[in-house]
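Coordinates as given in start.pdb (PDB, C-alpha atoms):
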```
ATOM      1  CA  GLU A   1     -12.179 -31.598  27.377
ATOM      2  CA  ASN A   2     -14.508 -29.626  25.098
ATOM      3  CA  GLY A   3     -11.922 -28.966  22.407
ATOM      4  CA  VAL A   4      -9.445 -26.214  21.653
ATOM      5  CA  SER A   5     -10.926 -22.735  21.236
ATOM      6  CA  LEU A   6      -9.467 -20.167  18.859
ATOM      7  CA  VAL A   7     -10.301 -16.655  17.708
ATOM      8  CA  THR A   8      -8.825 -14.662  14.831
ATOM      9  CA  LEU A   9      -9.294 -10.894  14.609
ATOM     10  CA  ASN A  10      -7.854  -7.877  12.813
ATOM     11  CA  LEU A  11      -7.632  -5.337  15.630
ATOM     12  CA  LEU A  12      -7.645  -2.235  13.388
ATOM     13  CA  ALA A  13      -4.343  -0.861  14.697
ATOM     14  CA  PRO A  14      -4.633   2.606  16.286
ATOM     15  CA  CYS A  15      -1.929   3.842  13.900
ATOM     16  CA  TYR A  16      -4.275   3.106  10.981
ATOM     17  CA  LYS A  17      -7.726   3.897  12.412
ATOM     18  CA  ARG A  18      -8.967   7.084  10.812
ATOM     19  CA  MET A  19     -10.569   9.753  12.980
ATOM     20  CA  ASN A  20     -13.046  12.403  11.842
ATOM     21  CA  HIS A  21     -10.259  14.327  10.142
ATOM     22  CA  GLU A  22      -8.810  12.216   7.327
ATOM     23  CA  ARG A  23      -5.206  12.883   8.363
ATOM     24  CA  GLU A  24      -5.731  12.125  12.044
ATOM     25  CA  ARG A  25      -5.176   8.652  13.432
ATOM     26  CA  GLU A  26      -6.431   7.148  16.665
ATOM     27  CA  SER A  27      -2.858   6.528  17.839
ATOM     28  CA  SER A  28      -2.602  10.273  18.647
ATOM     29  CA  PHE A  29      -5.446   9.929  21.141
ATOM     30  CA  PRO A  30      -4.703   7.438  23.966
ATOM     31  CA  SER A  31      -8.053   8.286  25.557
ATOM     32  CA  LYS A  32      -9.663   6.758  22.450
ATOM     33  CA  TRP A  33      -7.528   3.756  21.553
ATOM     34  CA  GLU A  34      -6.743   2.457  25.053
ATOM     35  CA  PRO A  35     -10.380   1.828  26.075
ATOM     36  CA  ARG A  36     -11.144   0.380  22.622
ATOM     37  CA  ILE A  37      -8.294  -2.125  22.843
ATOM     38  CA  LYS A  38      -9.227  -3.025  26.425
ATOM     39  CA  SER A  39     -12.831  -3.578  25.334
ATOM     40  CA  ILE A  40     -11.671  -5.853  22.498
ATOM     41  CA  ILE A  41      -9.685  -7.949  24.956
ATOM     42  CA  SER A  42     -12.470  -8.124  27.562
ATOM     43  CA  THR A  43     -15.425  -8.734  25.225
ATOM     44  CA  LEU A  44     -14.030 -10.542  22.157
ATOM     45  CA  LEU A  45     -10.996 -12.487  23.360
ATOM     46  CA  PRO A  46     -11.745 -13.933  26.832
ATOM     47  CA  ASN A  47     -11.393 -17.644  27.582
ATOM     48  CA  GLN A  48      -9.880 -18.482  24.191
ATOM     49  CA  HIS A  49      -7.056 -21.006  24.214
ATOM     50  CA  ILE A  50      -5.398 -19.493  21.117
ATOM     51  CA  ILE A  51      -5.707 -15.870  19.945
ATOM     52  CA  CYS A  52      -4.531 -14.907  16.450
ATOM     53  CA  LEU A  53      -4.340 -11.163  15.830
ATOM     54  CA  GLN A  54      -3.578  -9.031  12.809
ATOM     55  CA  GLU A  55      -2.662  -5.338  12.861
ATOM     56  CA  TYR A  56      -1.076  -5.855  16.270
ATOM     57  CA  TRP A  57       0.425  -2.425  16.910
ATOM     58  CA  ASN A  58       4.160  -2.299  17.637
ATOM     59  CA  ASN A  59       3.817   0.144  20.523
ATOM     60  CA  ARG A  60       5.076  -0.194  24.094
ATOM     61  CA  ASP A  61       1.858   0.968  25.776
ATOM     62  CA  HIS A  62      -0.227  -1.242  23.485
ATOM     63  CA  ALA A  63       1.930  -4.272  24.346
ATOM     64  CA  HIS A  64       1.670  -3.432  28.060
ATOM     65  CA  ILE A  65      -2.136  -3.535  27.902
ATOM     66  CA  PHE A  66      -2.044  -7.018  26.340
ATOM     67  CA  ARG A  67       0.462  -8.285  28.918
ATOM     68  CA  GLU A  68      -1.656  -6.858  31.710
ATOM     69  CA  CYS A  69      -4.982  -8.158  30.376
ATOM     70  CA  LEU A  70      -3.729 -11.562  29.156
ATOM     71  CA  PRO A  71      -1.298 -12.609  31.915
ATOM     72  CA  GLY A  72      -1.638 -16.340  31.298
ATOM     73  CA  TYR A  73      -0.626 -16.223  27.641
ATOM     74  CA  THR A  74       2.650 -16.433  25.742
ATOM     75  CA  PRO A  75       2.832 -14.029  22.773
ATOM     76  CA  LEU A  76       4.540 -14.941  19.491
ATOM     77  CA  LEU A  77       5.011 -11.841  17.338
ATOM     78  CA  VAL A  78       6.280 -10.885  13.895
ATOM     79  CA  ASN A  79       6.418  -7.235  12.831
ATOM     80  CA  ARG A  80       5.983  -6.020   9.275
ATOM     81  CA  PRO A  81       9.157  -4.448   7.822
ATOM     82  CA  HIS A  82       9.007  -0.648   7.714
ATOM     83  CA  ARG A  83       5.498  -0.634   9.213
ATOM     84  CA  GLN A  84       4.050  -0.173  12.689
ATOM     85  CA  ASP A  85       2.092  -3.427  12.964
ATOM     86  CA  GLY A  86       2.376  -7.169  12.588
ATOM     87  CA  CYS A  87       0.776 -10.530  13.371
ATOM     88  CA  CYS A  88       0.678 -12.104  16.808
ATOM     89  CA  ILE A  89      -0.357 -15.471  18.233
ATOM     90  CA  PHE A  90      -1.178 -15.679  21.952
ATOM     91  CA  VAL A  91      -1.273 -19.199  23.416
ATOM     92  CA  ARG A  92      -2.369 -20.287  26.873
ATOM     93  CA  SER A  93       0.830 -20.989  28.793
ATOM     94  CA  ASP A  94      -0.778 -23.574  31.086
ATOM     95  CA  ILE A  95      -2.093 -25.663  28.186
ATOM     96  CA  PHE A  96       0.435 -25.497  25.370
ATOM     97  CA  GLU A  97       4.088 -26.318  25.001
ATOM     98  CA  ILE A  98       5.665 -24.321  22.176
ATOM     99  CA  VAL A  99       7.803 -26.829  20.284
ATOM    100  CA  TYR A 100       8.820 -24.453  17.491
ATOM    101  CA  TRP A 101       7.683 -21.194  16.012
ATOM    102  CA  ARG A 102       8.794 -19.132  13.086
ATOM    103  CA  PRO A 103       8.073 -15.682  11.661
ATOM    104  CA  VAL A 104       7.766 -15.530   7.872
ATOM    105  CA  VAL A 105       8.547 -12.158   6.298
ATOM    106  CA  PHE A 106       7.417 -11.812   2.700
ATOM    107  CA  ASN A 107      10.492  -9.864   1.609
ATOM    108  CA  GLY A 108       9.790  -7.944  -1.564
ATOM    109  CA  VAL A 109       6.195  -9.167  -1.594
ATOM    110  CA  GLY A 110       4.151  -6.283  -0.255
ATOM    111  CA  MET A 111       5.891  -5.933   3.118
ATOM    112  CA  ARG A 112       3.524  -8.466   4.651
ATOM    113  CA  VAL A 113       4.194 -11.222   7.164
ATOM    114  CA  GLY A 114       2.971 -14.519   8.512
ATOM    115  CA  ILE A 115       3.800 -16.672  11.511
ATOM    116  CA  PHE A 116       3.335 -20.302  12.446
ATOM    117  CA  ALA A 117       3.865 -22.375  15.564
ATOM    118  CA  HIS A 118       4.048 -26.061  16.421
ATOM    119  CA  LEU A 119       2.274 -26.664  19.738
ATOM    120  CA  LYS A 120       1.834 -29.671  22.000
ATOM    121  CA  TYR A 121      -0.947 -30.184  24.509
ATOM    122  CA  THR A 122      -2.621 -32.990  26.452
ATOM    123  CA  CYS A 123      -6.165 -34.106  25.639
ATOM    124  CA  ARG A 124      -7.780 -36.906  27.660
ATOM    125  CA  GLY A 125      -4.355 -38.109  28.738
ATOM    126  CA  GLU A 126      -2.929 -38.163  25.222
ATOM    127  CA  ARG A 127      -0.285 -35.794  23.888
ATOM    128  CA  LYS A 128      -1.405 -33.988  20.744
ATOM    129  CA  ASP A 129       0.464 -31.962  18.121
ATOM    130  CA  LEU A 130      -0.980 -28.883  16.448
ATOM    131  CA  LEU A 131       0.299 -26.390  13.885
ATOM    132  CA  ILE A 132      -1.180 -22.869  13.968
ATOM    133  CA  GLY A 133      -0.548 -20.261  11.254
ATOM    134  CA  ASN A 134      -1.572 -16.602  11.178
ATOM    135  CA  THR A 135      -1.221 -14.020   8.386
ATOM    136  CA  HIS A 136      -2.499 -10.731   6.964
ATOM    137  CA  LEU A 137      -2.448 -10.478   3.181
ATOM    138  CA  THR A 138      -2.324  -7.289   1.094
ATOM    139  CA  PHE A 139      -5.481  -5.264   0.594
ATOM    140  CA  PRO A 140      -6.636  -5.589  -3.057
ATOM    141  CA  HIS A 141      -6.212  -1.969  -4.157
ATOM    142  CA  ASN A 142      -5.989  -3.112  -7.785
ATOM    143  CA  GLU A 143      -5.924  -6.248  -9.928
ATOM    144  CA  PHE A 144      -2.198  -6.834  -9.356
ATOM    145  CA  ASP A 145      -2.673  -6.791  -5.567
ATOM    146  CA  GLU A 146      -5.758  -8.966  -5.805
ATOM    147  CA  TYR A 147      -4.619 -11.665  -8.214
ATOM    148  CA  VAL A 148      -0.802 -11.625  -8.080
ATOM    149  CA  LEU A 149       0.519 -10.191  -4.810
ATOM    150  CA  ARG A 150      -1.904 -11.917  -2.450
ATOM    151  CA  LYS A 151      -1.306 -15.267  -4.190
ATOM    152  CA  GLU A 152       2.482 -14.872  -3.926
ATOM    153  CA  GLN A 153       2.161 -14.058  -0.225
ATOM    154  CA  ILE A 154       0.054 -17.076   0.708
ATOM    155  CA  GLU A 155       2.271 -19.325  -1.421
ATOM    156  CA  LYS A 156       5.334 -18.116   0.474
ATOM    157  CA  LEU A 157       3.745 -18.797   3.850
ATOM    158  CA  MET A 158       2.431 -22.209   2.809
ATOM    159  CA  LYS A 159       5.808 -23.178   1.355
ATOM    160  CA  GLU A 160       7.390 -22.717   4.791
ATOM    161  CA  ILE A 161       4.529 -24.484   6.558
ATOM    162  CA  ASN A 162       4.621 -27.393   4.103
ATOM    163  CA  LEU A 163       8.382 -27.752   4.531
ATOM    164  CA  TYR A 164       7.946 -28.021   8.285
ATOM    165  CA  SER A 165       4.944 -30.349   7.956
ATOM    166  CA  ASN A 166       6.899 -32.652   5.616
ATOM    167  CA  GLU A 167       9.798 -32.793   8.083
ATOM    168  CA  TYR A 168       7.330 -33.655  10.843
ATOM    169  CA  ARG A 169       5.818 -36.407   8.669
ATOM    170  CA  GLN A 170       9.251 -37.870   7.938
ATOM    171  CA  ARG A 171      10.082 -37.947  11.674
ATOM    172  CA  THR A 172       6.782 -39.242  13.014
ATOM    173  CA  LYS A 173       5.151 -40.984  10.023
ATOM    174  CA  LYS A 174       2.080 -38.837  10.779
ATOM    175  CA  ASN A 175       0.437 -35.732   9.335
ATOM    176  CA  ILE A 176       0.292 -32.765  11.696
ATOM    177  CA  PRO A 177      -3.161 -31.281  12.346
ATOM    178  CA  SER A 178      -3.058 -27.710  11.027
ATOM    179  CA  ILE A 179      -5.066 -24.489  11.286
ATOM    180  CA  ILE A 180      -4.237 -21.444   9.117
ATOM    181  CA  CYS A 181      -6.119 -18.260   9.886
ATOM    182  CA  GLY A 182      -6.053 -14.508   9.493
ATOM    183  CA  ASP A 183      -7.128 -11.591   7.353
ATOM    184  CA  PHE A 184      -6.924 -12.793   3.751
ATOM    185  CA  ASN A 185      -8.316  -9.511   2.382
ATOM    186  CA  SER A 186     -10.504 -11.367  -0.076
ATOM    187  CA  PRO A 187     -12.101  -9.181  -2.766
ATOM    188  CA  ARG A 188     -15.774  -8.387  -3.119
ATOM    189  CA  ASN A 189     -16.402 -10.695  -6.045
ATOM    190  CA  SER A 190     -17.195 -14.358  -5.593
ATOM    191  CA  THR A 191     -13.992 -15.697  -7.183
ATOM    192  CA  ASP A 192     -10.750 -15.551  -5.249
ATOM    193  CA  ASN A 193      -7.599 -17.345  -6.392
ATOM    194  CA  VAL A 194      -6.251 -17.355  -2.814
ATOM    195  CA  VAL A 195      -9.337 -19.188  -1.580
ATOM    196  CA  ASP A 196      -9.001 -21.614  -4.506
ATOM    197  CA  TYR A 197      -5.334 -22.140  -3.644
ATOM    198  CA  MET A 198      -6.076 -22.989   0.000
ATOM    199  CA  ILE A 199      -8.680 -25.529  -1.104
ATOM    200  CA  GLU A 200      -6.150 -27.060  -3.510
ATOM    201  CA  GLU A 201      -3.708 -27.307  -0.589
ATOM    202  CA  GLY A 202      -6.207 -29.497   1.230
ATOM    203  CA  TYR A 203      -7.761 -26.932   3.571
ATOM    204  CA  THR A 204     -11.425 -26.211   4.311
ATOM    205  CA  PRO A 205     -12.877 -22.956   5.709
ATOM    206  CA  THR A 206     -14.656 -23.399   9.048
ATOM    207  CA  ILE A 207     -17.444 -21.065   7.998
ATOM    208  CA  GLY A 208     -18.105 -23.149   4.917
ATOM    209  CA  HIS A 209     -18.653 -21.812   1.433
ATOM    210  CA  LYS A 210     -21.698 -19.703   2.271
ATOM    211  CA  LYS A 211     -21.774 -15.947   1.792
ATOM    212  CA  PHE A 212     -20.564 -13.940   4.770
ATOM    213  CA  VAL A 213     -19.374 -10.431   5.652
ATOM    214  CA  SER A 214     -16.486 -10.102   8.101
ATOM    215  CA  HIS A 215     -14.999  -6.718   7.146
ATOM    216  CA  LYS A 216     -16.189  -3.213   6.317
ATOM    217  CA  THR A 217     -13.342  -1.686   4.293
ATOM    218  CA  HIS A 218     -12.149   1.914   4.378
ATOM    219  CA  ARG A 219     -13.919   2.240   1.035
ATOM    220  CA  GLY A 220     -17.226   1.278   2.613
ATOM    221  CA  GLN A 221     -17.295  -2.142   0.940
ATOM    222  CA  TYR A 222     -18.518  -5.275   2.733
ATOM    223  CA  VAL A 223     -16.286  -8.305   2.145
ATOM    224  CA  SER A 224     -15.525 -11.820   3.395
ATOM    225  CA  ALA A 225     -11.924 -11.208   4.422
ATOM    226  CA  ASP A 226     -11.326 -13.407   7.462
ATOM    227  CA  TYR A 227     -10.848 -17.162   7.537
ATOM    228  CA  VAL A 228      -9.968 -20.121   9.702
ATOM    229  CA  TRP A 229      -8.741 -22.942   7.437
ATOM    230  CA  TYR A 230      -8.279 -26.507   8.697
ATOM    231  CA  ASN A 231      -6.812 -29.677   7.226
ATOM    232  CA  ASN A 232      -8.184 -33.219   7.339
ATOM    233  CA  ASN A 233      -6.652 -33.990  10.738
ATOM    234  CA  ILE A 234      -8.814 -31.351  12.429
ATOM    235  CA  GLU A 235     -12.412 -31.941  13.537
ATOM    236  CA  ILE A 236     -14.395 -28.700  13.820
ATOM    237  CA  ILE A 237     -16.830 -28.779  16.740
ATOM    238  CA  ASP A 238     -18.154 -25.247  16.297
ATOM    239  CA  SER A 239     -17.361 -22.041  14.410
ATOM    240  CA  TYR A 240     -19.120 -18.702  14.262
ATOM    241  CA  LEU A 241     -18.517 -15.169  13.048
ATOM    242  CA  GLY A 242     -19.063 -11.996  15.036
ATOM    243  CA  MET A 243     -20.474 -11.781  18.525
ATOM    244  CA  PRO A 244     -21.810 -14.987  20.117
ATOM    245  CA  ARG A 245     -24.617 -16.413  18.007
ATOM    246  CA  GLU A 246     -27.217 -15.801  20.720
ATOM    247  CA  SER A 247     -26.984 -12.129  19.746
ATOM    248  CA  GLY A 248     -28.878 -13.050  16.592
ATOM    249  CA  GLU A 249     -26.437 -11.309  14.255
ATOM    250  CA  SER A 250     -26.488 -12.277  10.593
ATOM    251  CA  ILE A 251     -23.192 -13.404   9.107
ATOM    252  CA  GLU A 252     -24.285 -11.892   5.795
ATOM    253  CA  GLN A 253     -24.573  -8.339   7.099
ATOM    254  CA  TRP A 254     -22.411  -5.772   8.853
ATOM    255  CA  ASN A 255     -23.643  -4.425  12.188
ATOM    256  CA  ASP A 256     -23.022  -0.660  12.182
ATOM    257  CA  ASN A 257     -23.338  -0.637  15.972
ATOM    258  CA  PHE A 258     -20.128  -2.660  16.165
ATOM    259  CA  LYS A 259     -17.359  -0.083  16.723
ATOM    260  CA  LEU A 260     -14.480  -2.063  18.233
ATOM    261  CA  SER A 261     -12.883  -2.899  14.874
ATOM    262  CA  ASP A 262     -13.653  -2.875  11.167
ATOM    263  CA  HIS A 263     -13.452  -6.689  11.257
ATOM    264  CA  LYS A 264     -15.629  -9.221  13.040
ATOM    265  CA  PRO A 265     -13.926 -11.857  15.172
ATOM    266  CA  LEU A 266     -14.091 -15.406  13.820
ATOM    267  CA  TYR A 267     -14.205 -18.206  16.399
ATOM    268  CA  ALA A 268     -13.588 -21.927  16.127
ATOM    269  CA  VAL A 269     -13.628 -24.859  18.521
ATOM    270  CA  PHE A 270     -11.868 -27.992  17.320
ATOM    271  CA  GLU A 271     -10.115 -31.219  18.183
ATOM    272  CA  CYS A 272      -7.036 -32.802  16.654
ATOM    273  CA  GLU A 273      -7.894 -36.198  15.217
ATOM    274  CA  ASP A 274      -5.658 -39.227  15.106
ATOM    275  CA  ASP A 275      -3.750 -39.359  11.860
ATOM    276  CA  LEU A 276      -5.928 -40.692   9.061
ATOM    277  CA  THR A 277      -3.549 -41.177   6.159
ATOM    278  CA  GLU A 278      -6.246 -42.530   3.884
ATOM    279  CA  LYS A 279      -7.668 -38.992   3.717
ATOM    280  CA  PHE A 280      -4.525 -37.711   2.047
TER     281      PHE A 280
END
```

Mind turning this structure into structure tokens?
Amino acid sequence: ENGVSLVTLNLLAPCYKRMNHERERESSFPSKWEPRIKSIISTLLPNQHIICLQEYWNNRDHAHIFRECLPGYTPLLVNRPHRQDGCCIFVRSDIFEIVYWRPVVFNGVGMRVGIFAHLKYTCRGERKDLLIGNTHLTFPHNEFDEYVLRKEQIEKLMKEINLYSNEYRQRTKKNIPSIICGDFNSPRNSTDNVVDYMIEEGYTPTIGHKKFVSHKTHRGQYVSADYVWYNNNIEIIDSYLGMPRESGESIEQWNDNFKLSDHKPLYAVFECEDDLTEKF
């Protein structure tokens, strides 16, 4: 009754988390990564209707922890080719019917992936449709990654989403409410052609266009990497970055006491509006 709640978070996969020794990774130390992952689930993910994760580790024990700690959710997973992680969407099984879902592998485009799902749910006695997308774009190591590769990746994902959305529109004569979220690995500077592209596609960031810091990179840089984008058939009720706002955290700064990941979680609460074709 109070809207659909969603969180997006890059988990910092144990296979990538650096330890004190540069060559060591957290994945070699279950006594380190298991409690960290359990703390992420218990403190950052509880009571969310939809959970979108990046750097979801393709490991049996890791998957077991999520199944054990999130028993009422259905996971939708796509793994990166030739890598140990991927993107995952968890949806509450008692609320959502999964009409269709599809992994999108960016073959030849940085070994990255995306995923989207068409969900149905009931709100105040009315059946609603919702499209959720999740992705993790390439880190901008250089200008090619930043301006070319990341743009090609988001274009590939949005091409598939737009194809499905157009088919839906042809069938129903309506536009499907859509949320696209994830780690966009936006660069430090204020201009980002991927952000510009999403705006051109008709999407708005829930956090607005104000300055924010959601990621401390392995280079020690502070960037606005994480987004929840929504189209005109979504009404945002609330959205906030990091721990609950009563903690008093600033969205413009990184809290060095936060050790669960190198990304902050980004939350949104929203409702799907009736189709308003005049907005398009």

Given the file shown, determine the residues that the PyMOL selection byres ((chain A and resi 177) around 7) selects; report them as an MDAnalysis selection string.
-> chainID A and resid 129:131 175:176 178 231 233:234 272

Result set of the PyMOL selection byres ((chain A and resi 109) around 12) on the coordinates above, as a list in words = Arg80, Pro81, Val104, Val105, Phe106, Asn107, Gly108, Gly110, Met111, Arg112, Val113, Gly114, Leu137, Thr138, Phe144, Asp145, Val148, Leu149, Arg150, Lys151, Glu152, Gln153, Ile154, Glu155, Lys156 and Leu157 of chain A

Do you know which residues the PyMOL selection byres ((chain A and resi 184) around 8) returns on this file, as a tab-separated table (two decimals) with C-alpha atoms, in the frame of the given file?
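File expr26.tsv, as written:
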```
chain	number	residue	atom	x	y	z
A	135	THR	CA	-1.22	-14.02	8.39
A	136	HIS	CA	-2.50	-10.73	6.96
A	137	LEU	CA	-2.45	-10.48	3.18
A	138	THR	CA	-2.32	-7.29	1.09
A	182	GLY	CA	-6.05	-14.51	9.49
A	183	ASP	CA	-7.13	-11.59	7.35
A	185	ASN	CA	-8.32	-9.51	2.38
A	186	SER	CA	-10.50	-11.37	-0.08
A	225	ALA	CA	-11.92	-11.21	4.42
A	226	ASP	CA	-11.33	-13.41	7.46
A	227	TYR	CA	-10.85	-17.16	7.54
```

Identify, on the basis of all atoms listed in the file, every residue whose closest approach to A:Tyr267 does not exceed 12 Å; exclude the query and any residue fewer than 2 positions from it along the same chain; express the result as a ChimeraX atom specification.
-> /A:4-9,44-52,181-182,205-207,214,226-229,236-245,264-265,269-270

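Distance annotation: of A:Leu260, A:Thr74, A:Glu271, A:Tyr121, the residue with the minimal separation from A:Ile37 is A:Leu260; atom set is only C-alpha atoms.
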
Smallest atom-to-atom distance to A:Asn59: which of A:Arg36, A:Gly72, A:Pro14, A:Val213, using all atoms listed in the file?
->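 Smallest separation from A:Asn59 among the options: A:Pro14.
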
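The shortest atom-to-atom distance to A:Asp274, with all atoms listed in the file taken into account, belongs to A:Cys123 out of A:Cys123, A:Cys87, A:Leu12, A:Leu77.
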
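Among the candidates A:Arg83, A:His141, A:Ala268, A:Ile132, the residue lying nearest to A:Arg219 is A:His141 (atoms considered: all atoms listed in the file).
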
Spatial neighbours of A:Asp85, max dist 6 Å, all atoms listed in the file, sep filter under 3 positions, as a PyMOL selection string | chain A and resi 55-58+79-80

If you count all atoms listed in the file, the residue of A:Lys120, A:Arg67, A:Lys159, A:Arg102 closest to A:Phe90 turns out to be A:Arg67

Of the listed residues A:Glu252, A:Asp192, A:Glu167, A:Glu160, that which approaches A:Tyr147 most closely, counting all atoms listed in the file = A:Asp192

Two-atom distance - atom CA of A:Ser165, atom CA of A:Gly86 (Å) = 23.8 Å

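Across the model, the gap from atom CA of A:Ala63 to atom CA of A:Val78 is 13.1 Å.
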
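Of note, atom CA of A:Phe258 and atom CA of A:Glu143 are spaced 29.9 Å apart.
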
Can you pull out every residue within 12 Å of A:Gln221, counting only C-alpha atoms, but drop anything in the same chain fewer than 2 positions away, and send it as a VMD selection string?
-> chain A and resid 140 185 to 189 213 to 219 223 to 225 253 to 254 262 to 263

Taking C-alpha atoms for each residue, export the selection above as a tab-separated table (two decimals), keeping the file's coordinate frame.
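In the end it all went to selection04.tsv:
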```tsv
chain	number	residue	atom	x	y	z
A	140	PRO	CA	-6.64	-5.59	-3.06
A	185	ASN	CA	-8.32	-9.51	2.38
A	186	SER	CA	-10.50	-11.37	-0.08
A	187	PRO	CA	-12.10	-9.18	-2.77
A	188	ARG	CA	-15.77	-8.39	-3.12
A	189	ASN	CA	-16.40	-10.70	-6.04
A	213	VAL	CA	-19.37	-10.43	5.65
A	214	SER	CA	-16.49	-10.10	8.10
A	215	HIS	CA	-15.00	-6.72	7.15
A	216	LYS	CA	-16.19	-3.21	6.32
A	217	THR	CA	-13.34	-1.69	4.29
A	218	HIS	CA	-12.15	1.91	4.38
A	219	ARG	CA	-13.92	2.24	1.03
A	223	VAL	CA	-16.29	-8.30	2.14
A	224	SER	CA	-15.52	-11.82	3.40
A	225	ALA	CA	-11.92	-11.21	4.42
A	253	GLN	CA	-24.57	-8.34	7.10
A	254	TRP	CA	-22.41	-5.77	8.85
A	262	ASP	CA	-13.65	-2.88	11.17
A	263	HIS	CA	-13.45	-6.69	11.26
```
